[in-house]
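Only one structure is covered here, and it is reproduced in the block below.
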Amino acid sequence: MKGRLRFLTALALAPCLAGCFVSPDGQSSSAGGPSGARLRVALAFPPAENLSPYGADATLLSRLGVTEGLTALDANGAAAPALAGSWHREGDRTWRFTLREATFQDGTDVTPAAVAAALTHATKAEP
């Protein structure tokens with residue numbers, strides 16, 4: 001039964017993955033592609049808010065691996081470590097997160113100041 005489920009899952013995902021490896025001129029490419037090439041992803045439904053990380057598309061971006069939160073959900077729906085290696089409550093409205101070593105896409109370190117700035121920006125953002 002597990003083998004059949006895996007086969008059906010792979011079969012269902014094949015059309016989605018096929019659209020990910022198309023070069024800018026429309027030709028399929030298994031090589032690295034030209035410099036500056038884009039990765040194309042076929043989605044089952046269009047983004048609701050232009051892929052804004054501050055609205056309904058945040059979950060989609062997380063599942064695509066574009067964004068990562070301080071925590072994630074484990075198989076049981078409980079908070080699990082992500083960018084934060086650990087956390088604990090210090091008061092009624094205060095939590096202390098300890099970050100794991102991580103870098104942004106540009107190579108700069110993920111720091112407490114960068115996380116605080118991102119969270120502050122998110123509270124003011126309008127998707």
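Each chain of the structure tokens is named A, B, ... in the order shown, its residues numbered from 1; ligands are numbered from 1 in display order.
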
Could you please write out, as a ChimeraX atom specification, every residue of segment 24-125 of chain A that DSSP assigns to alpha helix (DSSP H)?
-> /A:58-63,112-124

Go through segment 46-90 of chain A and flag each residue having an atom no more than 12 Å from segment 104-125 of chain A; for those, report the closest pair of atoms plus their distance in Å to one decimal, using only C-alpha atoms, ordered by chain and rising number, as a Markdown table.
| residue | atom | partner | partner_atom | distance |
| --- | --- | --- | --- | --- |
| A:Ser52 | CA | A:Ala125 | CA | 9.7 |
| A:Pro53 | CA | A:Ala122 | CA | 8.5 |
| A:Tyr54 | CA | A:Ala122 | CA | 6.1 |
| A:Gly55 | CA | A:Ala125 | CA | 9.0 |
| A:Ala58 | CA | A:Ala122 | CA | 11.4 |
| A:Gly65 | CA | A:Gln105 | CA | 11.9 |
| A:Val66 | CA | A:Gln105 | CA | 9.8 |
| A:Thr67 | CA | A:Phe104 | CA | 10.0 |
| A:Glu68 | CA | A:Phe104 | CA | 10.3 |
| A:Gly69 | CA | A:Val115 | CA | 9.8 |
| A:Leu70 | CA | A:Val115 | CA | 8.8 |
| A:Leu83 | CA | A:Val110 | CA | 8.7 |
| A:Ala84 | CA | A:Pro112 | CA | 10.2 |

Using N, CA and C atoms, can you export the residues from the last selection as an mmCIF file, in the first residue's frame?
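Contents of selection.cif, as written:
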data_model
loop_
_atom_site.group_PDB
_atom_site.id
_atom_site.type_symbol
_atom_site.label_atom_id
_atom_site.label_comp_id
_atom_site.auth_asym_id
_atom_site.auth_seq_id
_atom_site.Cartn_x
_atom_site.Cartn_y
_atom_site.Cartn_z
ATOM 1 N N SER A 52 3.052 38.334 -1.332
ATOM 2 C CA SER A 52 3.469 39.156 -0.190
ATOM 3 C C SER A 52 3.708 38.257 1.019
ATOM 4 N N PRO A 53 4.847 38.424 1.702
ATOM 5 C CA PRO A 53 5.093 37.618 2.908
ATOM 6 C C PRO A 53 4.277 38.091 4.103
ATOM 7 N N TYR A 54 3.499 39.168 3.936
ATOM 8 C CA TYR A 54 2.746 39.755 5.047
ATOM 9 C C TYR A 54 1.254 39.421 5.002
ATOM 10 N N GLY A 55 0.835 38.564 4.103
ATOM 11 C CA GLY A 55 -0.581 38.256 3.981
ATOM 12 C C GLY A 55 -0.836 36.777 3.787
ATOM 13 N N ALA A 58 1.867 34.099 2.619
ATOM 14 C CA ALA A 58 3.012 33.745 3.459
ATOM 15 C C ALA A 58 3.152 32.238 3.616
ATOM 16 N N GLY A 65 9.746 27.210 0.332
ATOM 17 C CA GLY A 65 11.103 27.360 0.846
ATOM 18 C C GLY A 65 11.689 28.733 0.605
ATOM 19 N N VAL A 66 10.850 29.719 0.281
ATOM 20 C CA VAL A 66 11.317 31.073 0.023
ATOM 21 C C VAL A 66 11.528 31.817 1.335
ATOM 22 N N THR A 67 10.662 31.564 2.304
ATOM 23 C CA THR A 67 10.767 32.221 3.604
ATOM 24 C C THR A 67 10.870 31.164 4.701
ATOM 25 N N GLU A 68 11.347 31.597 5.852
ATOM 26 C CA GLU A 68 11.450 30.704 7.005
ATOM 27 C C GLU A 68 11.117 31.514 8.248
ATOM 28 N N GLY A 69 10.277 30.972 9.093
ATOM 29 C CA GLY A 69 9.878 31.661 10.304
ATOM 30 C C GLY A 69 10.761 31.308 11.487
ATOM 31 N N LEU A 70 10.505 31.964 12.603
ATOM 32 C CA LEU A 70 11.235 31.626 13.827
ATOM 33 C C LEU A 70 10.897 30.214 14.276
ATOM 34 N N LEU A 83 14.167 29.065 12.515
ATOM 35 C CA LEU A 83 15.281 29.997 12.705
ATOM 36 C C LEU A 83 15.636 30.125 14.182
ATOM 37 N N ALA A 84 14.647 29.981 15.042
ATOM 38 C CA ALA A 84 14.897 29.987 16.488
ATOM 39 C C ALA A 84 15.217 28.557 16.920
#

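Counting from atom CA of Trp87 of chain A, the distance to atom CA of Ser62 of chain A is 20.5 Å.
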